[in-house]
$ cat upload_15.cif   # mmCIF, C-alpha atoms
data_entry
#
loop_
_atom_site.label_atom_id
_atom_site.label_comp_id
_atom_site.auth_asym_id
_atom_site.auth_seq_id
_atom_site.Cartn_x
_atom_site.Cartn_y
_atom_site.Cartn_z
CA ASP A 12 0.00 0.00 0.00
CA ALA A 13 1.09 3.61 -0.35
CA TYR A 14 0.55 6.81 1.59
CA TYR A 15 1.69 10.34 1.05
CA ALA A 16 1.31 13.43 3.18
CA ALA A 17 1.81 17.11 2.48
CA ASP A 18 2.63 19.54 5.27
CA PHE A 19 1.45 23.10 5.02
CA LEU A 20 1.40 23.86 8.74
CA HIS A 21 4.29 24.99 10.89
CA GLY A 22 5.64 24.17 14.33
CA THR A 23 4.95 20.78 15.86
CA HIS A 24 2.76 19.71 12.95
CA THR A 25 5.81 18.88 10.87
CA GLU A 26 7.11 16.65 13.67
CA ARG A 27 3.71 14.98 13.98
CA ILE A 28 3.71 14.22 10.25
CA ALA A 29 7.24 12.76 10.51
CA ASP A 30 6.24 10.70 13.56
CA PHE A 31 3.16 9.44 11.71
CA GLY A 32 5.29 8.32 8.77
CA LEU A 33 7.70 6.43 11.01
CA SER A 34 4.86 4.94 13.06
CA ILE A 35 2.87 3.65 10.12
CA VAL A 36 5.93 1.91 8.64
CA GLN A 37 6.80 0.35 12.02
CA CYS A 38 3.20 -0.73 12.72
CA MET A 39 2.92 -2.36 9.30
CA LYS A 40 6.21 -4.22 9.81
CA GLU A 41 5.03 -5.56 13.17
CA LEU A 42 1.53 -6.46 11.95
CA LEU A 43 2.73 -8.19 8.81
CA SER A 44 5.42 -10.06 10.74
CA HIS A 45 2.77 -11.26 13.20
CA LEU A 46 0.47 -12.35 10.36
CA GLY A 47 3.29 -13.95 8.39
CA VAL A 48 2.51 -11.84 5.33
CA GLU A 49 5.13 -10.09 3.23
CA LEU A 50 3.87 -6.71 2.07
CA ARG A 51 5.71 -3.43 1.97
CA ILE A 52 4.51 0.10 2.48
CA SER A 53 5.93 3.28 0.99
CA VAL A 54 5.44 6.73 2.53
CA GLY A 55 6.25 10.11 1.02
CA ILE A 56 6.23 13.48 2.79
CA ALA A 57 6.62 16.96 1.31
CA THR A 58 6.10 20.53 2.46
CA GLY A 59 4.89 23.59 0.59
CA GLY A 60 1.90 25.33 -0.91
CA MET A 61 -1.46 23.68 -1.45
CA MET A 62 -5.18 24.37 -1.48
CA ALA A 63 -8.23 22.38 -0.52
CA GLY A 64 -11.66 22.04 -2.03
CA PHE A 65 -14.90 20.10 -2.31
CA PHE A 66 -16.09 18.49 -5.51
CA GLY A 67 -18.97 16.30 -6.65
CA PHE A 68 -22.71 16.61 -7.23
CA ASN A 69 -24.36 13.65 -5.48
CA LYS A 70 -21.52 12.68 -3.18
CA PHE A 71 -19.19 15.43 -2.03
CA CYS A 72 -15.49 14.77 -1.58
CA TYR A 73 -12.82 16.88 0.06
CA ASP A 74 -9.33 16.88 -1.40
CA LEU A 75 -6.01 18.74 -1.32
CA TYR A 76 -4.28 20.02 -4.46
CA GLY A 77 -1.04 21.76 -5.27
CA PRO A 78 2.69 21.37 -5.72
CA ALA A 79 3.33 19.96 -2.22
CA VAL A 80 0.69 17.26 -2.72
CA GLU A 81 2.15 16.29 -6.09
CA GLU A 82 5.67 16.25 -4.64
CA ALA A 83 4.56 14.06 -1.70
CA GLU A 84 3.00 11.65 -4.18
CA ARG A 85 6.29 11.50 -6.13
CA MET A 86 8.17 10.88 -2.87
CA GLU A 87 5.86 7.94 -2.12
CA GLN A 88 6.11 6.53 -5.65
CA THR A 89 9.90 6.62 -5.73
CA SER A 90 10.48 5.62 -2.09
CA LEU A 91 12.29 2.47 -1.11
CA PRO A 92 9.92 -0.14 0.35
CA SER A 93 9.32 0.26 4.09
CA TYR A 94 10.93 3.70 4.14
CA VAL A 95 9.63 7.24 4.55
CA GLN A 96 10.99 9.42 1.76
CA LEU A 97 11.11 13.17 2.34
CA SER A 98 11.22 16.09 -0.03
CA PRO A 99 14.46 18.08 0.28
CA ALA A 100 12.59 20.98 1.94
CA PHE A 101 10.96 18.70 4.52
CA ALA A 102 14.27 16.94 5.19
CA ASP A 103 15.90 20.32 5.90
CA LYS A 104 13.16 21.12 8.43
CA MET A 105 13.63 17.78 10.21
CA ARG A 106 17.45 17.54 10.41
CA ALA A 107 17.70 18.97 13.94
CA ALA A 108 15.33 16.43 15.53
CA TYR A 109 15.46 13.39 13.21
CA ILE A 110 18.05 11.10 11.66
CA ILE A 111 17.93 11.71 7.91
CA GLU A 112 19.71 9.30 5.58
CA GLU A 113 20.59 10.19 1.99
CA ILE A 114 20.51 7.32 -0.50
CA ASP A 115 20.98 8.01 -4.23
CA GLU A 116 20.15 11.71 -3.79
CA LYS A 117 16.90 10.85 -1.98
CA TYR A 118 16.19 11.68 1.66
CA PHE A 119 14.77 9.12 4.09
CA ILE A 120 13.81 9.59 7.71
CA VAL A 121 15.34 6.80 9.78
CA GLY A 122 14.37 7.77 13.31
CA LYS A 123 14.22 10.45 15.93
CA LYS A 124 17.42 11.78 17.49
CA SER A 125 17.81 11.26 21.20
CA PHE A 126 18.78 14.26 23.25
CA LYS A 127 20.91 14.29 26.35
CA ILE A 128 19.40 16.25 29.20
CA ASN A 129 21.55 17.43 32.08
CA ALA A 130 19.70 17.14 35.37
CA TYR A 131 20.96 18.63 38.60
#
$ encode --input "upload_15.cif" --output "C-alpha cells"
Amino acid sequence: DAYYAADFLHGTHTERIADFGLSIVQCMKELLSHLGVELRISVGIATGGMMAGFFGFNKFCYDLYGPAVEEAERMEQTSLPSYVQLSPAFADKMRAAYIIEEIDEKYFIVGKKSFKINAY
C-alpha cells in the first residue's frame, strides 16, 4: 500500500507528520510479521503550498491540491519499500530532531534523534 502526506502547517505539525510516517511503517512491519505476510509500504512526505476544495454533485469529496501534494506523491512513488521518503525541503526542516539518511540523492527519515538532558 502507499501513503503520502503534504505539510502546510508549521511548528509541531511537521514533527507529527514525521512521527506518523515512522509509526505507520513500524506498525505495518510488526503487523505483517505477526500475520506472516510479506507486504511493503511506501510513505512520502513533502512541504509547501497547497489548497483544498470540495467536488462532486451527489456525493461530495474533500481533497487537497497543489505542488506539495504532487511532490509528496512522487516521494511515495519513488520511495524504497518500508521507508519514509522526504522532499528536500521537509528533510531540511527535520534535520535537527530526526536522523535523515541520503541514498541516491533521496532523503529518508530513519528515526528520531535522542537528546541528552543534564539534570541537577
$ resolve_selection --input "upload_15.cif" --expression "the PyMOL selection byres ((chain A and resi 83-86) around 9)" --output "MDAnalysis selection string"
chainID A and resid 14:17 53:58 78:82 87:90 95:98 117
$ atom_distance --input "upload_15.cif" --atom1 "CA of Leu75 (chain A)" --atom2 "CA of His24 (chain A)"
16.8 Å
$ closest_residue --input "upload_15.cif" --among "A:Ser93, A:Leu50, A:Lys123, A:Ser44" --to "Met105 (chain A)" --atoms "all atoms listed in the file"
A:Lys123
$ resolve_selection --input "upload_15.cif" --expression "the PyMOL selection byres ((chain A and resi 26) around 12)" --output "PDB file with C-alpha atoms, in the coordinates of the input"
ATOM      1  CA  ASP A  18       2.630  19.540   5.270  1.00  0.00           C
ATOM      2  CA  LEU A  20       1.400  23.860   8.740  1.00  0.00           C
ATOM      3  CA  HIS A  21       4.290  24.990  10.890  1.00  0.00           C
ATOM      4  CA  GLY A  22       5.640  24.170  14.330  1.00  0.00           C
ATOM      5  CA  THR A  23       4.950  20.780  15.860  1.00  0.00           C
ATOM      6  CA  HIS A  24       2.760  19.710  12.950  1.00  0.00           C
ATOM      7  CA  THR A  25       5.810  18.880  10.870  1.00  0.00           C
ATOM      8  CA  ARG A  27       3.710  14.980  13.980  1.00  0.00           C
ATOM      9  CA  ILE A  28       3.710  14.220  10.250  1.00  0.00           C
ATOM     10  CA  ALA A  29       7.240  12.760  10.510  1.00  0.00           C
ATOM     11  CA  ASP A  30       6.240  10.700  13.560  1.00  0.00           C
ATOM     12  CA  PHE A  31       3.160   9.440  11.710  1.00  0.00           C
ATOM     13  CA  GLY A  32       5.290   8.320   8.770  1.00  0.00           C
ATOM     14  CA  LEU A  33       7.700   6.430  11.010  1.00  0.00           C
ATOM     15  CA  SER A  34       4.860   4.940  13.060  1.00  0.00           C
ATOM     16  CA  ILE A  56       6.230  13.480   2.790  1.00  0.00           C
ATOM     17  CA  THR A  58       6.100  20.530   2.460  1.00  0.00           C
ATOM     18  CA  PHE A 101      10.960  18.700   4.520  1.00  0.00           C
ATOM     19  CA  ALA A 102      14.270  16.940   5.190  1.00  0.00           C
ATOM     20  CA  LYS A 104      13.160  21.120   8.430  1.00  0.00           C
ATOM     21  CA  MET A 105      13.630  17.780  10.210  1.00  0.00           C
ATOM     22  CA  ARG A 106      17.450  17.540  10.410  1.00  0.00           C
ATOM     23  CA  ALA A 107      17.700  18.970  13.940  1.00  0.00           C
ATOM     24  CA  ALA A 108      15.330  16.430  15.530  1.00  0.00           C
ATOM     25  CA  TYR A 109      15.460  13.390  13.210  1.00  0.00           C
ATOM     26  CA  ILE A 120      13.810   9.590   7.710  1.00  0.00           C
ATOM     27  CA  GLY A 122      14.370   7.770  13.310  1.00  0.00           C
ATOM     28  CA  LYS A 123      14.220  10.450  15.930  1.00  0.00           C
TER      29      LYS A 123
END
$ atom_distance --input "upload_15.cif" --atom1 "CA of Gly59 (chain A)" --atom2 "CA of Ile114 (chain A)"
22.6 Å
